[in-house]
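Single-structure report; data block below.
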Amino acid sequence: MSRYRRLWPFFLWLAVFYGAWLALVLTGERLATALAHWPMAVAMAAGSYVAGSTPMGGGTVGFPVLVLLMDLPATLGRDFSFAIQAVGMTSASIYILCSRKELEWPMLKAALPGALIGTPLGILFVAPLASDLFIKLLFASMWCSFGLLHLRRINEITRYEGMTPHDKAFDYKVGMTVGLFGSLTVASITGVGIDMFLYMFLVLWCHADLKIAIPTSVVLMAFTSLVGIAAKLLLGDLQPGTFENWLAAAPIVAIGAPLGALVVSRIGRRPTLIVVSILCVVQFAWTLVHERASLTPWNAGAALLGVVLFLLLFQDMYSHGVRLARRSRGERSETA
């Protein structure tokens, strides 16, 4: 009973959200619009599970569905990612906080103000410089590298317990760097990604337990999405079609993302991460095939180079993490 009492803010949030959504649909006679966009609602049933159970925002499913399957602009995929994650990952974050799951608060507290600054600046000054093709290839390369890394090191990553001890200065530097530069670049361009970078630092550098790393990354992506969609609305720069797809998918993700967090706590994260990692690699190949008419040898080479560079970055994090863990074990041995 005490557990359910802790969850009352989450249930209150759901009641407020669904009440507002129903009012929006019924008073504005938008039910037909929501029903007409049912394919996105179906896609986000899977996307919301991914958002709540992995370090990937729901936009990582929504983006390829809109851009690759429905052949819509990448800018719409980005704006939809912000909009849908502002509901789904916020819902998952409220559930995480109410459930009192362990978070890496020192790093997260530094990342949040970084994202608050970087996201609107990126939307204003960086995102407009990115072409539609660049957005697609950046998204594909980034998540392909994520998939390849996990397929290579899934056994090791899922065995981590606790975290390698480190100092507060490190937490602040990493959190602020990820929050500021992650939101200024990949998040403002693709609508996703900042959660993945924080997760990578926690897992590869700090050897953090996935039970700590994933909830922490979810909270950061939720906050970044809220800032991102707020900036888009204030600037009047929301892509056409974003609202209609959001209207159809929002009621699904509001419960789907926290459900993903709940289910994965029962079945473990390994099976989900393996499936998602394979899909990340597949979507890279799918992107290259889908965009073959627009691709030049330079574009294709740049996409492959992007995968390699991301993997080298992750490998460097991993190497630092191994040295940090070894040094920590040595210090504990000397103390003992």
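Note on naming: chains are A, B, ... as they come in the structure tokens, residues start from 1 per chain, ligands start from 1 in the order shown.
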
Exercise: Gln85 of chain A partners within 9 Å, only C-alpha atoms, chain neighbours under 3 positions left out, as a PyMOL selection string: chain A and resi 48+51+57-59+80-82+88-91+221-222+225-226+250+253

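Of the residues under consideration (A:Ser319, A:His290, A:Val192, A:Ser277), A:Val192 shows the shortest atom-to-atom contact distance to Ile84 of chain A when counting only C-alpha atoms.
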
Enumerate as a compact mmCIF listing (two decimals) with N, CA and C atoms, in the first residue's frame all residues of segment 85-281 of chain A assigned to helix (DSSP H, G or I) by DSSP on the backbone, naming them with the chain letters and numbers the document uses.
```txt
# COMPACT_ATOMS: atom_id res chain seq x y z
N GLN A 85 8.31 13.11 -26.74
CA GLN A 85 9.12 12.81 -25.55
C GLN A 85 8.76 13.72 -24.39
N ALA A 86 8.29 14.92 -24.71
CA ALA A 86 7.87 15.84 -23.65
C ALA A 86 6.71 15.25 -22.85
N VAL A 87 5.97 14.33 -23.46
CA VAL A 87 4.90 13.63 -22.75
C VAL A 87 5.40 12.29 -22.22
N GLY A 88 5.89 11.44 -23.12
CA GLY A 88 6.25 10.08 -22.74
C GLY A 88 7.38 10.00 -21.73
N MET A 89 8.45 10.72 -21.99
CA MET A 89 9.60 10.63 -21.09
C MET A 89 9.38 11.44 -19.82
N THR A 90 8.55 12.46 -19.90
CA THR A 90 8.15 13.15 -18.67
C THR A 90 7.33 12.21 -17.80
N SER A 91 6.43 11.47 -18.43
CA SER A 91 5.63 10.50 -17.69
C SER A 91 6.52 9.44 -17.05
N ALA A 92 7.48 8.94 -17.83
CA ALA A 92 8.41 7.95 -17.28
C ALA A 92 9.25 8.54 -16.15
N SER A 93 9.64 9.80 -16.29
CA SER A 93 10.45 10.45 -15.26
C SER A 93 9.67 10.61 -13.96
N ILE A 94 8.41 10.99 -14.07
CA ILE A 94 7.58 11.13 -12.87
C ILE A 94 7.44 9.78 -12.18
N TYR A 95 7.25 8.73 -12.98
CA TYR A 95 7.16 7.39 -12.41
C TYR A 95 8.48 7.00 -11.73
N ILE A 96 9.59 7.30 -12.39
CA ILE A 96 10.92 6.98 -11.83
C ILE A 96 11.13 7.70 -10.50
N LEU A 97 10.79 8.97 -10.46
CA LEU A 97 10.98 9.75 -9.24
C LEU A 97 10.05 9.26 -8.12
N CYS A 98 8.81 8.96 -8.47
CA CYS A 98 7.87 8.47 -7.46
C CYS A 98 8.28 7.09 -6.94
N TRP A 105 22.44 11.77 -9.30
CA TRP A 105 22.00 13.16 -9.15
C TRP A 105 23.11 14.18 -9.36
N PRO A 106 24.32 13.98 -8.85
CA PRO A 106 25.35 15.02 -9.05
C PRO A 106 25.60 15.34 -10.53
N MET A 107 25.68 14.31 -11.35
CA MET A 107 25.90 14.52 -12.78
C MET A 107 24.66 15.10 -13.45
N LEU A 108 23.50 14.61 -13.03
CA LEU A 108 22.24 15.07 -13.62
C LEU A 108 21.99 16.54 -13.29
N LYS A 109 22.30 16.94 -12.07
CA LYS A 109 22.09 18.34 -11.67
C LYS A 109 22.94 19.30 -12.49
N ALA A 110 24.08 18.85 -12.95
CA ALA A 110 24.92 19.70 -13.80
C ALA A 110 24.45 19.66 -15.25
N ALA A 111 23.89 18.52 -15.67
CA ALA A 111 23.46 18.38 -17.06
C ALA A 111 22.19 19.19 -17.35
N LEU A 112 21.30 19.29 -16.37
CA LEU A 112 20.02 19.97 -16.60
C LEU A 112 20.19 21.45 -16.98
N PRO A 113 20.96 22.24 -16.22
CA PRO A 113 21.15 23.64 -16.66
C PRO A 113 21.90 23.74 -17.98
N GLY A 114 22.80 22.78 -18.25
CA GLY A 114 23.47 22.78 -19.54
C GLY A 114 22.49 22.61 -20.68
N ALA A 115 21.54 21.69 -20.49
CA ALA A 115 20.51 21.46 -21.52
C ALA A 115 19.58 22.66 -21.64
N LEU A 116 19.31 23.31 -20.53
CA LEU A 116 18.45 24.49 -20.54
C LEU A 116 19.06 25.61 -21.38
N ILE A 117 20.37 25.72 -21.35
CA ILE A 117 21.06 26.74 -22.14
C ILE A 117 21.26 26.28 -23.58
N GLY A 118 21.73 25.05 -23.73
CA GLY A 118 22.14 24.57 -25.04
C GLY A 118 21.01 24.29 -26.01
N THR A 119 19.88 23.81 -25.51
CA THR A 119 18.79 23.42 -26.41
C THR A 119 18.24 24.59 -27.21
N PRO A 120 17.82 25.69 -26.57
CA PRO A 120 17.31 26.80 -27.38
C PRO A 120 18.37 27.42 -28.28
N LEU A 121 19.62 27.47 -27.80
CA LEU A 121 20.69 28.01 -28.65
C LEU A 121 20.91 27.13 -29.88
N GLY A 122 20.87 25.82 -29.66
CA GLY A 122 21.03 24.90 -30.78
C GLY A 122 19.89 25.01 -31.78
N ILE A 123 18.67 25.14 -31.27
CA ILE A 123 17.51 25.28 -32.15
C ILE A 123 17.59 26.56 -32.96
N LEU A 124 18.09 27.62 -32.33
CA LEU A 124 18.19 28.91 -33.01
C LEU A 124 19.32 28.98 -34.03
N PHE A 125 20.49 28.47 -33.64
CA PHE A 125 21.69 28.75 -34.44
C PHE A 125 22.33 27.53 -35.11
N VAL A 126 22.11 26.34 -34.57
CA VAL A 126 22.79 25.16 -35.12
C VAL A 126 21.86 24.36 -36.03
N ALA A 127 20.67 24.05 -35.55
CA ALA A 127 19.74 23.22 -36.33
C ALA A 127 19.43 23.78 -37.72
N PRO A 128 19.27 25.11 -37.87
CA PRO A 128 18.97 25.63 -39.22
C PRO A 128 20.08 25.37 -40.23
N LEU A 129 21.29 25.10 -39.76
CA LEU A 129 22.41 24.86 -40.67
C LEU A 129 22.41 23.43 -41.22
N ASP A 132 18.33 18.37 -44.56
CA ASP A 132 17.48 17.22 -44.27
C ASP A 132 18.29 15.92 -44.32
N LEU A 133 19.16 15.80 -45.30
CA LEU A 133 19.97 14.60 -45.44
C LEU A 133 20.95 14.47 -44.28
N PHE A 134 21.54 15.58 -43.87
CA PHE A 134 22.49 15.55 -42.76
C PHE A 134 21.81 15.07 -41.48
N ILE A 135 20.60 15.54 -41.24
CA ILE A 135 19.86 15.12 -40.04
C ILE A 135 19.65 13.61 -40.06
N LYS A 136 19.25 13.09 -41.21
CA LYS A 136 18.99 11.66 -41.33
C LYS A 136 20.26 10.85 -41.10
N LEU A 137 21.36 11.28 -41.70
CA LEU A 137 22.61 10.53 -41.59
C LEU A 137 23.21 10.63 -40.19
N LEU A 138 23.08 11.80 -39.56
CA LEU A 138 23.57 11.94 -38.19
C LEU A 138 22.80 11.02 -37.26
N PHE A 139 21.49 11.03 -37.39
CA PHE A 139 20.65 10.16 -36.58
C PHE A 139 21.04 8.69 -36.78
N ALA A 140 21.16 8.29 -38.04
CA ALA A 140 21.45 6.89 -38.36
C ALA A 140 22.83 6.48 -37.85
N SER A 141 23.83 7.33 -38.04
CA SER A 141 25.20 7.00 -37.62
C SER A 141 25.31 6.91 -36.10
N MET A 142 24.69 7.85 -35.43
CA MET A 142 24.76 7.89 -33.97
C MET A 142 24.18 6.63 -33.35
N TRP A 143 23.00 6.24 -33.80
CA TRP A 143 22.34 5.09 -33.19
C TRP A 143 22.90 3.77 -33.69
N CYS A 144 23.48 3.76 -34.89
CA CYS A 144 24.17 2.55 -35.35
C CYS A 144 25.36 2.25 -34.45
N SER A 145 26.11 3.29 -34.11
CA SER A 145 27.27 3.09 -33.23
C SER A 145 26.83 2.62 -31.85
N PHE A 146 25.71 3.14 -31.38
CA PHE A 146 25.14 2.68 -30.10
C PHE A 146 24.84 1.18 -30.18
N GLY A 147 24.20 0.77 -31.27
CA GLY A 147 23.85 -0.64 -31.43
C GLY A 147 25.07 -1.54 -31.51
N LEU A 148 26.05 -1.13 -32.30
CA LEU A 148 27.26 -1.95 -32.45
C LEU A 148 28.00 -2.10 -31.13
N LEU A 149 28.10 -1.01 -30.38
CA LEU A 149 28.79 -1.07 -29.10
C LEU A 149 28.10 -2.05 -28.15
N HIS A 150 26.78 -2.00 -28.10
CA HIS A 150 26.06 -2.88 -27.18
C HIS A 150 26.12 -4.34 -27.62
N LEU A 151 26.07 -4.57 -28.91
CA LEU A 151 26.20 -5.95 -29.38
C LEU A 151 27.58 -6.51 -29.06
N ARG A 152 28.57 -5.63 -29.02
CA ARG A 152 29.94 -6.06 -28.70
C ARG A 152 30.15 -6.25 -27.20
N ARG A 153 29.55 -5.39 -26.38
CA ARG A 153 29.87 -5.39 -24.94
C ARG A 153 28.65 -5.60 -24.05
N ILE A 154 27.60 -6.21 -24.57
CA ILE A 154 26.37 -6.34 -23.80
C ILE A 154 26.57 -7.14 -22.52
N ASN A 155 27.38 -8.20 -22.57
CA ASN A 155 27.60 -9.02 -21.37
C ASN A 155 28.27 -8.21 -20.27
N GLU A 156 29.25 -7.43 -20.66
CA GLU A 156 29.98 -6.63 -19.68
C GLU A 156 29.11 -5.51 -19.11
N ILE A 157 28.40 -4.82 -19.99
CA ILE A 157 27.59 -3.68 -19.58
C ILE A 157 26.49 -4.11 -18.61
N LYS A 168 33.26 15.00 -7.13
CA LYS A 168 32.18 15.90 -7.53
C LYS A 168 32.58 16.78 -8.70
N ALA A 169 33.86 17.13 -8.77
CA ALA A 169 34.33 17.95 -9.89
C ALA A 169 34.13 17.22 -11.21
N PHE A 170 34.38 15.92 -11.20
CA PHE A 170 34.18 15.10 -12.39
C PHE A 170 32.71 15.09 -12.77
N ASP A 171 31.84 14.90 -11.78
CA ASP A 171 30.39 14.89 -12.04
C ASP A 171 29.95 16.18 -12.71
N TYR A 172 30.44 17.30 -12.18
CA TYR A 172 30.02 18.59 -12.72
C TYR A 172 30.51 18.79 -14.15
N LYS A 173 31.78 18.46 -14.38
CA LYS A 173 32.35 18.65 -15.72
C LYS A 173 31.63 17.80 -16.76
N VAL A 174 31.43 16.52 -16.43
CA VAL A 174 30.77 15.62 -17.38
C VAL A 174 29.31 16.04 -17.59
N GLY A 175 28.61 16.30 -16.49
CA GLY A 175 27.21 16.68 -16.60
C GLY A 175 27.01 17.94 -17.42
N MET A 176 27.80 18.96 -17.13
CA MET A 176 27.67 20.22 -17.86
C MET A 176 28.07 20.05 -19.33
N THR A 177 29.12 19.28 -19.59
CA THR A 177 29.56 19.06 -20.97
C THR A 177 28.49 18.34 -21.78
N VAL A 178 27.96 17.26 -21.21
CA VAL A 178 26.92 16.51 -21.92
C VAL A 178 25.67 17.36 -22.09
N GLY A 179 25.26 18.03 -21.02
CA GLY A 179 24.05 18.83 -21.08
C GLY A 179 24.14 19.97 -22.08
N LEU A 180 25.26 20.69 -22.06
CA LEU A 180 25.41 21.86 -22.93
C LEU A 180 25.68 21.46 -24.37
N PHE A 181 26.72 20.68 -24.59
CA PHE A 181 27.12 20.38 -25.96
C PHE A 181 26.22 19.31 -26.60
N GLY A 182 25.70 18.39 -25.78
CA GLY A 182 24.78 17.40 -26.32
C GLY A 182 23.50 18.03 -26.82
N SER A 183 22.99 19.00 -26.06
CA SER A 183 21.75 19.67 -26.48
C SER A 183 22.01 20.68 -27.59
N LEU A 184 23.17 21.30 -27.56
CA LEU A 184 23.52 22.31 -28.57
C LEU A 184 23.68 21.67 -29.95
N THR A 185 24.10 20.42 -29.97
CA THR A 185 24.40 19.76 -31.25
C THR A 185 23.37 18.67 -31.58
N VAL A 186 23.60 17.45 -31.12
CA VAL A 186 22.78 16.32 -31.59
C VAL A 186 21.30 16.46 -31.22
N ALA A 187 21.01 16.93 -30.01
CA ALA A 187 19.61 17.02 -29.59
C ALA A 187 18.86 18.09 -30.38
N SER A 188 19.48 19.24 -30.58
CA SER A 188 18.80 20.31 -31.32
C SER A 188 18.64 19.96 -32.80
N ILE A 189 19.52 19.11 -33.32
CA ILE A 189 19.45 18.74 -34.74
C ILE A 189 18.50 17.57 -34.97
N THR A 190 18.56 16.55 -34.10
CA THR A 190 17.77 15.34 -34.33
C THR A 190 16.59 15.17 -33.37
N ILE A 194 20.87 13.20 -26.47
CA ILE A 194 21.56 13.67 -25.27
C ILE A 194 21.48 12.62 -24.16
N ASP A 195 20.38 11.89 -24.12
CA ASP A 195 20.24 10.83 -23.12
C ASP A 195 21.25 9.72 -23.36
N MET A 196 21.49 9.41 -24.63
CA MET A 196 22.44 8.37 -24.97
C MET A 196 23.86 8.74 -24.54
N PHE A 197 24.23 10.01 -24.71
CA PHE A 197 25.58 10.42 -24.35
C PHE A 197 25.79 10.40 -22.84
N LEU A 198 24.80 10.84 -22.08
CA LEU A 198 24.93 10.75 -20.62
C LEU A 198 25.02 9.29 -20.19
N TYR A 199 24.19 8.48 -20.79
CA TYR A 199 24.21 7.04 -20.49
C TYR A 199 25.58 6.44 -20.80
N MET A 200 26.16 6.82 -21.92
CA MET A 200 27.46 6.28 -22.30
C MET A 200 28.54 6.68 -21.30
N PHE A 201 28.51 7.92 -20.85
CA PHE A 201 29.48 8.34 -19.83
C PHE A 201 29.30 7.52 -18.56
N LEU A 202 28.06 7.34 -18.15
CA LEU A 202 27.80 6.61 -16.91
C LEU A 202 28.22 5.15 -17.02
N VAL A 203 27.90 4.52 -18.13
CA VAL A 203 28.16 3.09 -18.28
C VAL A 203 29.61 2.81 -18.64
N LEU A 204 30.14 3.53 -19.63
CA LEU A 204 31.48 3.23 -20.12
C LEU A 204 32.57 3.81 -19.23
N TRP A 205 32.37 5.02 -18.75
CA TRP A 205 33.41 5.69 -17.96
C TRP A 205 33.27 5.35 -16.48
N LEU A 210 23.03 -0.39 -14.92
CA LEU A 210 21.99 0.09 -15.83
C LEU A 210 20.77 0.60 -15.07
N LYS A 211 20.57 0.08 -13.85
CA LYS A 211 19.44 0.54 -13.04
C LYS A 211 19.63 1.99 -12.59
N ILE A 212 20.86 2.48 -12.67
CA ILE A 212 21.15 3.88 -12.37
C ILE A 212 21.25 4.69 -13.66
N ALA A 213 21.97 4.15 -14.63
CA ALA A 213 22.28 4.90 -15.85
C ALA A 213 21.04 5.20 -16.69
N ILE A 214 20.17 4.21 -16.87
CA ILE A 214 19.02 4.42 -17.75
C ILE A 214 18.00 5.40 -17.16
N PRO A 215 17.59 5.25 -15.90
CA PRO A 215 16.66 6.26 -15.35
C PRO A 215 17.24 7.67 -15.37
N THR A 216 18.53 7.80 -15.12
CA THR A 216 19.16 9.12 -15.14
C THR A 216 19.08 9.73 -16.54
N SER A 217 19.34 8.92 -17.55
CA SER A 217 19.30 9.42 -18.93
C SER A 217 17.87 9.75 -19.35
N VAL A 218 16.90 9.01 -18.85
CA VAL A 218 15.49 9.28 -19.17
C VAL A 218 15.08 10.65 -18.65
N VAL A 219 15.48 10.96 -17.41
CA VAL A 219 15.12 12.25 -16.82
C VAL A 219 15.74 13.40 -17.62
N LEU A 220 16.99 13.24 -18.04
CA LEU A 220 17.64 14.30 -18.82
C LEU A 220 16.95 14.50 -20.17
N MET A 221 16.58 13.41 -20.84
CA MET A 221 15.92 13.54 -22.14
C MET A 221 14.53 14.15 -21.99
N ALA A 222 13.84 13.83 -20.91
CA ALA A 222 12.53 14.43 -20.66
C ALA A 222 12.66 15.94 -20.52
N PHE A 223 13.62 16.36 -19.72
CA PHE A 223 13.82 17.80 -19.50
C PHE A 223 14.21 18.50 -20.80
N THR A 224 15.13 17.90 -21.54
CA THR A 224 15.58 18.48 -22.81
C THR A 224 14.43 18.60 -23.80
N SER A 225 13.57 17.59 -23.83
CA SER A 225 12.42 17.61 -24.74
C SER A 225 11.44 18.71 -24.36
N LEU A 226 11.22 18.90 -23.06
CA LEU A 226 10.34 19.97 -22.61
C LEU A 226 10.89 21.34 -23.02
N VAL A 227 12.20 21.51 -22.83
CA VAL A 227 12.83 22.77 -23.24
C VAL A 227 12.76 22.93 -24.75
N GLY A 228 13.00 21.84 -25.47
CA GLY A 228 13.01 21.89 -26.92
C GLY A 228 11.65 22.24 -27.50
N ILE A 229 10.59 21.59 -27.02
CA ILE A 229 9.27 21.88 -27.57
C ILE A 229 8.79 23.26 -27.14
N ALA A 230 9.18 23.69 -25.94
CA ALA A 230 8.83 25.05 -25.50
C ALA A 230 9.50 26.09 -26.39
N ALA A 231 10.77 25.86 -26.71
CA ALA A 231 11.49 26.79 -27.59
C ALA A 231 10.86 26.82 -28.97
N LYS A 232 10.48 25.66 -29.47
CA LYS A 232 9.85 25.59 -30.79
C LYS A 232 8.52 26.36 -30.81
N LEU A 233 7.74 26.19 -29.76
CA LEU A 233 6.44 26.87 -29.69
C LEU A 233 6.62 28.38 -29.55
N LEU A 234 7.57 28.78 -28.72
CA LEU A 234 7.80 30.22 -28.53
C LEU A 234 8.31 30.88 -29.80
N LEU A 235 9.10 30.15 -30.56
CA LEU A 235 9.64 30.69 -31.81
C LEU A 235 8.65 30.58 -32.97
N THR A 242 3.42 18.08 -36.95
CA THR A 242 3.88 17.67 -35.62
C THR A 242 2.70 17.50 -34.67
N PHE A 243 1.84 18.50 -34.64
CA PHE A 243 0.72 18.47 -33.69
C PHE A 243 -0.23 17.31 -33.98
N GLU A 244 -0.53 17.07 -35.25
CA GLU A 244 -1.48 16.02 -35.60
C GLU A 244 -0.95 14.64 -35.19
N ASN A 245 0.33 14.38 -35.45
CA ASN A 245 0.91 13.10 -35.05
C ASN A 245 1.02 12.99 -33.53
N TRP A 246 1.34 14.12 -32.90
CA TRP A 246 1.41 14.14 -31.43
C TRP A 246 0.04 13.83 -30.83
N LEU A 247 -1.00 14.40 -31.41
CA LEU A 247 -2.36 14.21 -30.89
C LEU A 247 -2.74 12.73 -30.89
N ALA A 248 -2.31 12.01 -31.90
CA ALA A 248 -2.64 10.58 -31.99
C ALA A 248 -1.80 9.74 -31.04
N ALA A 249 -0.52 10.10 -30.90
CA ALA A 249 0.40 9.24 -30.15
C ALA A 249 0.52 9.58 -28.67
N ALA A 250 0.22 10.81 -28.30
CA ALA A 250 0.45 11.25 -26.91
C ALA A 250 -0.25 10.37 -25.87
N PRO A 251 -1.52 10.00 -26.06
CA PRO A 251 -2.16 9.18 -25.03
C PRO A 251 -1.56 7.78 -24.91
N ILE A 252 -0.88 7.34 -25.95
CA ILE A 252 -0.21 6.04 -25.89
C ILE A 252 1.07 6.13 -25.07
N VAL A 253 1.87 7.15 -25.35
CA VAL A 253 3.18 7.24 -24.70
C VAL A 253 3.08 7.65 -23.24
N ALA A 254 2.00 8.34 -22.88
CA ALA A 254 1.86 8.78 -21.49
C ALA A 254 1.87 7.61 -20.53
N ILE A 255 1.33 6.49 -20.96
CA ILE A 255 1.33 5.30 -20.10
C ILE A 255 2.36 4.27 -20.58
N GLY A 256 2.69 4.32 -21.88
CA GLY A 256 3.61 3.33 -22.44
C GLY A 256 5.02 3.44 -21.92
N ALA A 257 5.53 4.67 -21.77
CA ALA A 257 6.91 4.85 -21.31
C ALA A 257 7.10 4.38 -19.86
N PRO A 258 6.23 4.79 -18.93
CA PRO A 258 6.39 4.24 -17.57
C PRO A 258 6.14 2.74 -17.51
N LEU A 259 5.27 2.24 -18.40
CA LEU A 259 5.05 0.80 -18.45
C LEU A 259 6.33 0.08 -18.88
N GLY A 260 7.05 0.70 -19.81
CA GLY A 260 8.33 0.13 -20.23
C GLY A 260 9.31 0.06 -19.08
N ALA A 261 9.35 1.12 -18.27
CA ALA A 261 10.24 1.13 -17.10
C ALA A 261 9.85 0.05 -16.10
N LEU A 262 8.54 -0.19 -15.97
CA LEU A 262 8.06 -1.21 -15.04
C LEU A 262 8.36 -2.62 -15.55
N VAL A 263 8.04 -2.87 -16.82
CA VAL A 263 8.22 -4.21 -17.39
C VAL A 263 9.68 -4.62 -17.38
N VAL A 264 10.55 -3.69 -17.77
CA VAL A 264 11.96 -4.05 -17.87
C VAL A 264 12.57 -4.33 -16.50
N SER A 265 11.97 -3.77 -15.45
CA SER A 265 12.46 -4.07 -14.10
C SER A 265 12.13 -5.50 -13.71
N ARG A 266 11.17 -6.10 -14.43
CA ARG A 266 10.78 -7.49 -14.15
C ARG A 266 11.56 -8.48 -15.02
N ILE A 267 11.74 -8.15 -16.30
CA ILE A 267 12.35 -9.11 -17.22
C ILE A 267 13.84 -8.87 -17.43
N ARG A 270 18.65 -6.75 -20.57
CA ARG A 270 19.47 -7.38 -21.61
C ARG A 270 18.67 -7.73 -22.88
N PRO A 271 17.53 -8.44 -22.77
CA PRO A 271 16.80 -8.79 -24.00
C PRO A 271 16.37 -7.57 -24.80
N THR A 272 15.87 -6.55 -24.09
CA THR A 272 15.42 -5.34 -24.78
C THR A 272 16.59 -4.64 -25.46
N LEU A 273 17.72 -4.53 -24.77
CA LEU A 273 18.87 -3.85 -25.34
C LEU A 273 19.41 -4.58 -26.57
N ILE A 274 19.38 -5.89 -26.55
CA ILE A 274 19.86 -6.65 -27.71
C ILE A 274 18.97 -6.39 -28.92
N VAL A 275 17.66 -6.48 -28.73
CA VAL A 275 16.72 -6.24 -29.83
C VAL A 275 16.86 -4.82 -30.36
N VAL A 276 16.91 -3.86 -29.45
CA VAL A 276 17.01 -2.46 -29.85
C VAL A 276 18.33 -2.20 -30.58
N SER A 277 19.40 -2.81 -30.12
CA SER A 277 20.71 -2.62 -30.76
C SER A 277 20.71 -3.15 -32.19
N ILE A 278 20.10 -4.30 -32.38
CA ILE A 278 20.00 -4.85 -33.74
C ILE A 278 19.20 -3.90 -34.63
N LEU A 279 18.10 -3.37 -34.10
CA LEU A 279 17.28 -2.44 -34.88
C LEU A 279 18.04 -1.16 -35.21
N CYS A 280 18.92 -0.73 -34.30
CA CYS A 280 19.73 0.47 -34.56
C CYS A 280 20.65 0.26 -35.76
N VAL A 281 21.22 -0.92 -35.85
CA VAL A 281 22.11 -1.23 -36.98
C VAL A 281 21.29 -1.36 -38.27
```

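What separates atom CA of Phe11 of chain A from atom CA of Gly62 of chain A is a distance of 25.4 Å.
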
Nearby residues (only C-alpha atoms) at most 8 Å from segment 237-240 of chain A, same-chain spacing under 5 positions excluded, as a list in words: Thr75, Leu76, Asp79 and Lys232 of chain A

Selection file, N, CA and C atoms, as a compact mmCIF listing (two decimals), in the first residue's frame:
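In the end it all went to again07.txt:
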```
# COMPACT_ATOMS: atom_id res chain seq x y z
N THR A 75 13.05 17.24 -40.49
CA THR A 75 12.75 18.30 -39.52
C THR A 75 11.45 18.00 -38.77
N LEU A 76 10.50 17.36 -39.45
CA LEU A 76 9.27 16.94 -38.78
C LEU A 76 9.58 15.84 -37.77
N ASP A 79 11.06 17.54 -34.67
CA ASP A 79 10.09 18.27 -33.86
C ASP A 79 9.11 17.32 -33.18
N LYS A 232 10.48 25.66 -29.47
CA LYS A 232 9.85 25.59 -30.79
C LYS A 232 8.52 26.36 -30.81
```

Which of these residues is nearest to Met163 of chain A, using only C-alpha atoms: A:Val61, A:Leu324, A:Ala285, A:Val42?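 The closest residue to Met163 of chain A is A:Leu324.
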
Here is a test: counting only C-alpha atoms, which residue of A:Arg159, A:His166, A:Arg327, A:Arg6 is nearest to Lys101 of chain A? A:Arg6
